[in-house]
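Taking it in order: structure first as structure tokens, then the write-up.
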Amino acid sequence: MFTFGELIVILVVVGIVAGIVSTGLASLVSYPVLLALGLPPVTANVTNTVGLVFTSFGAVPASRRELRGHGQELKTLIPLTLVGSIVGAILLFIIPAATFAKVVPFFILIAGILVLIPRHIHIKQPGEIVVTPKWMTALAWLGIFLVGAYTGYFGAAGGVLMLSILSFTSAAPFVVYNAQKNLALGLANIVSAVVYGLQTPIQWRYVLPLGIGFLIGGSLGPRIVRHLPARLLKIVIGIGALGLAASLFKSAYGL
């Protein structure tokens with residue numbers, strides 16, 4: 001059993017590491033640690049999501065360069081994500097905890113597979129007009145809403161899911177739609193945290209040290225991403241998601 005001081009150090013360090021890899025892997029680092037510390041799955045999820053709010057405070061300001069000039073995409077991405085997150089956060093307290101633990105591994109498995117699929121989308125050039133079929137646009141909007149709902153329901157690996165959707169729908173480079181993901185899911189986590197706070201007590205002794213680490217790591221992550229190959233990042237994210245899915249399958253189904 002850890003002392004309170006040891007617990008703080010562990011959570012701050014985990015938060016820093018998770019924040020640095022917040023390009024989709026943040027919760028793949030922090031959520032298993034919260035489970036290992038003895039928190040039940042739903043409590044660990046709530047704690048993790050509230051802590052992720054701090055990641056946004058670090059990551060979004062650090063991503064201003066990539067967000068500049070992409071306001072039009074954000075006008076669609078943010079509202080759909082926020083509405084979905086409200087729905088998902090409410091569902092978290094309606095669906096039984098046992099069902100929650102058994103469903104989540106499937107979502108993470110799908111996200112890991114999708115993010116590993118090679119991207120064959122045309123990158124939009126300055127001044128170029130890209131026409132997208134209406135059915136594809138509608139499908140993309142539905143996908144973003146569902147990712148928002150998933151994020152509200154289960155914060156862990158929400159970033160992987162959003163990246164997997166944007167990798168097929170966005171005409172921007174990886175570093176840009178990753179920044180858009182940081183902003184949209186950051187706002188979704190804030191909304192989800194408010195809903196959680198109205199439904200259940202928040203474990204602040206876990207959230208605060210984890211959040212401090214998230215804040216530090218989140219501010220470093222986008223700066224590191226600028227200098228790494230996009231394909232390498234997606235491979236690491238995908239493999240990490242598959243690893244977490246395997247671990248959660250084992251614990252949920254006793255495999």
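Chain lettering (A, B, ...) mirrors the order of the structure tokens, residue numbering begins at 1 for each chain separately, and ligand numbering begins at 1 in order of display.
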
Kindly provide the residues of stretch 204-225 of chain A that approach stretch 57-63 of chain A to within 6 Å, each paired with its closest atom pair and their distance in Å to one decimal, based on only C-alpha atoms, listed by chain and increasing number, as a Markdown table.
```
| residue | atom | partner | partner_atom | distance |
| --- | --- | --- | --- | --- |
| A:Leu215 | CA | A:Gly58 | CA | 5.0 |
| A:Gly218 | CA | A:Ala59 | CA | 4.6 |
| A:Ser219 | CA | A:Gly58 | CA | 4.0 |
```

Sel. of helix (DSSP H, G or I) residues, stretch 16-56 of chain A, as a PDB file with C-alpha atoms, in the first residue's frame:
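Result file out_29.pdb:
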```pdb
ATOM      1  CA  ILE A  16       3.620  14.046 -17.069  1.00  0.00           C
ATOM      2  CA  VAL A  17       4.320  10.946 -19.157  1.00  0.00           C
ATOM      3  CA  ALA A  18       0.671  10.663 -20.208  1.00  0.00           C
ATOM      4  CA  GLY A  19       0.497  14.373 -21.039  1.00  0.00           C
ATOM      5  CA  ILE A  20       3.596  14.189 -23.223  1.00  0.00           C
ATOM      6  CA  ALA A  26      -2.506   9.799 -22.564  1.00  0.00           C
ATOM      7  CA  SER A  27      -5.256   7.621 -21.140  1.00  0.00           C
ATOM      8  CA  LEU A  28      -3.527   4.475 -22.341  1.00  0.00           C
ATOM      9  CA  VAL A  29      -0.854   5.379 -19.774  1.00  0.00           C
ATOM     10  CA  SER A  30      -2.912   6.858 -16.933  1.00  0.00           C
ATOM     11  CA  TYR A  31      -6.077   4.709 -16.914  1.00  0.00           C
ATOM     12  CA  PRO A  32      -4.294   1.348 -16.294  1.00  0.00           C
ATOM     13  CA  VAL A  33      -2.284   2.969 -13.474  1.00  0.00           C
ATOM     14  CA  LEU A  34      -5.485   4.177 -11.789  1.00  0.00           C
ATOM     15  CA  LEU A  35      -6.871   0.635 -12.030  1.00  0.00           C
ATOM     16  CA  ALA A  36      -3.614  -0.734 -10.590  1.00  0.00           C
ATOM     17  CA  PRO A  41     -13.341   1.010 -13.522  1.00  0.00           C
ATOM     18  CA  VAL A  42     -16.028   3.743 -13.422  1.00  0.00           C
ATOM     19  CA  THR A  43     -14.238   5.683 -10.661  1.00  0.00           C
ATOM     20  CA  ALA A  44     -10.934   5.369 -12.547  1.00  0.00           C
ATOM     21  CA  ASN A  45     -12.616   6.649 -15.692  1.00  0.00           C
ATOM     22  CA  VAL A  46     -14.158   9.651 -13.913  1.00  0.00           C
ATOM     23  CA  THR A  47     -10.843  10.461 -12.218  1.00  0.00           C
ATOM     24  CA  ASN A  48      -8.950  10.148 -15.489  1.00  0.00           C
ATOM     25  CA  THR A  49     -11.389  12.330 -17.445  1.00  0.00           C
ATOM     26  CA  VAL A  50     -11.386  15.115 -14.851  1.00  0.00           C
ATOM     27  CA  GLY A  51      -7.582  14.983 -14.796  1.00  0.00           C
ATOM     28  CA  LEU A  52      -7.475  15.191 -18.605  1.00  0.00           C
ATOM     29  CA  VAL A  53      -8.984  18.668 -18.385  1.00  0.00           C
ATOM     30  CA  PHE A  54      -5.558  19.845 -17.210  1.00  0.00           C
ATOM     31  CA  THR A  55      -3.923  18.324 -20.287  1.00  0.00           C
ATOM     32  CA  SER A  56      -5.970  20.677 -22.457  1.00  0.00           C
TER      33      SER A  56
END
```

Margin query: Applying 8 Å and only C-alpha atoms, which residues near A:Leu242 remain after dropping the ones on its own chain fewer than 4 positions away? List them as a ChimeraX atom specification.
Written below: /A:108-109,112-113,238,246

Export, as an mmCIF file, in the first residue's frame, the selected residues with all heavy atoms.
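File written: again.cif
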```cif
data_model
loop_
_atom_site.group_PDB
_atom_site.id
_atom_site.type_symbol
_atom_site.label_atom_id
_atom_site.label_comp_id
_atom_site.auth_asym_id
_atom_site.auth_seq_id
_atom_site.Cartn_x
_atom_site.Cartn_y
_atom_site.Cartn_z
ATOM 1 N N ILE A 108 -11.768 0.257 -27.734
ATOM 2 C CA ILE A 108 -10.335 0.540 -27.838
ATOM 3 C C ILE A 108 -9.693 -0.309 -28.925
ATOM 4 O O ILE A 108 -8.809 0.154 -29.661
ATOM 5 C CB ILE A 108 -9.646 0.311 -26.478
ATOM 6 C CG1 ILE A 108 -10.238 1.258 -25.429
ATOM 7 C CG2 ILE A 108 -8.143 0.522 -26.587
ATOM 8 C CD1 ILE A 108 -9.661 1.090 -24.054
ATOM 9 N N LEU A 109 -10.127 -1.554 -29.056
ATOM 10 C CA LEU A 109 -9.620 -2.426 -30.120
ATOM 11 C C LEU A 109 -9.920 -1.834 -31.491
ATOM 12 O O LEU A 109 -9.038 -1.763 -32.365
ATOM 13 C CB LEU A 109 -10.257 -3.814 -29.997
ATOM 14 C CG LEU A 109 -9.926 -4.807 -31.120
ATOM 15 C CD1 LEU A 109 -8.440 -5.124 -31.127
ATOM 16 C CD2 LEU A 109 -10.745 -6.084 -30.951
ATOM 17 N N GLY A 112 -7.725 1.228 -32.158
ATOM 18 C CA GLY A 112 -6.348 0.864 -32.489
ATOM 19 C C GLY A 112 -6.204 0.380 -33.915
ATOM 20 O O GLY A 112 -5.245 0.733 -34.612
ATOM 21 N N ILE A 113 -7.174 -0.409 -34.379
ATOM 22 C CA ILE A 113 -7.133 -0.913 -35.757
ATOM 23 C C ILE A 113 -7.294 0.231 -36.757
ATOM 24 O O ILE A 113 -6.549 0.327 -37.742
ATOM 25 C CB ILE A 113 -8.237 -1.971 -35.980
ATOM 26 C CG1 ILE A 113 -7.932 -3.221 -35.138
ATOM 27 C CG2 ILE A 113 -8.354 -2.335 -37.455
ATOM 28 C CD1 ILE A 113 -9.051 -4.238 -35.129
ATOM 29 N N GLY A 238 -1.462 3.250 -32.311
ATOM 30 C CA GLY A 238 -2.256 2.062 -32.610
ATOM 31 C C GLY A 238 -1.827 0.855 -31.801
ATOM 32 O O GLY A 238 -2.667 0.134 -31.242
ATOM 33 N N ALA A 246 -6.098 -5.493 -25.187
ATOM 34 C CA ALA A 246 -5.798 -6.870 -24.780
ATOM 35 C C ALA A 246 -5.810 -7.013 -23.261
ATOM 36 O O ALA A 246 -6.355 -7.976 -22.712
ATOM 37 C CB ALA A 246 -4.440 -7.286 -25.340
#
```

Margin query: Which residues are near A:Val103? Cut-off 12 Å, only C-alpha atoms, ignore same chain within fewer than 2 positions. Put them as a list in words.
Written below: Pro41, Leu92, Ile95, Pro96, Ala97, Ala98, Thr99, Phe100, Ala101, Pro105, Phe106, Phe107, Ile108, Leu109, Ile110, Tyr150, Tyr153, Phe154, Ala245, Leu248, Phe249, Ala252 and Tyr253 of chain A

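Taking atom CA of A:Leu183 as the reference point, atom CA of A:Pro201 is found at 26.0 Å.
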
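The smallest atom-to-atom distance between A:Thr76 and any of A:Ala193, A:Ile90, A:Ile144, A:Ala241, using only C-alpha atoms, is found for A:Ile144.
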
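Near A:Leu228, within a cut-off of 10 Å and counting only C-alpha atoms, sit the residues Val175, Arg223 and Leu233 of chain A, with same-chain residues fewer than 5 positions away left out.
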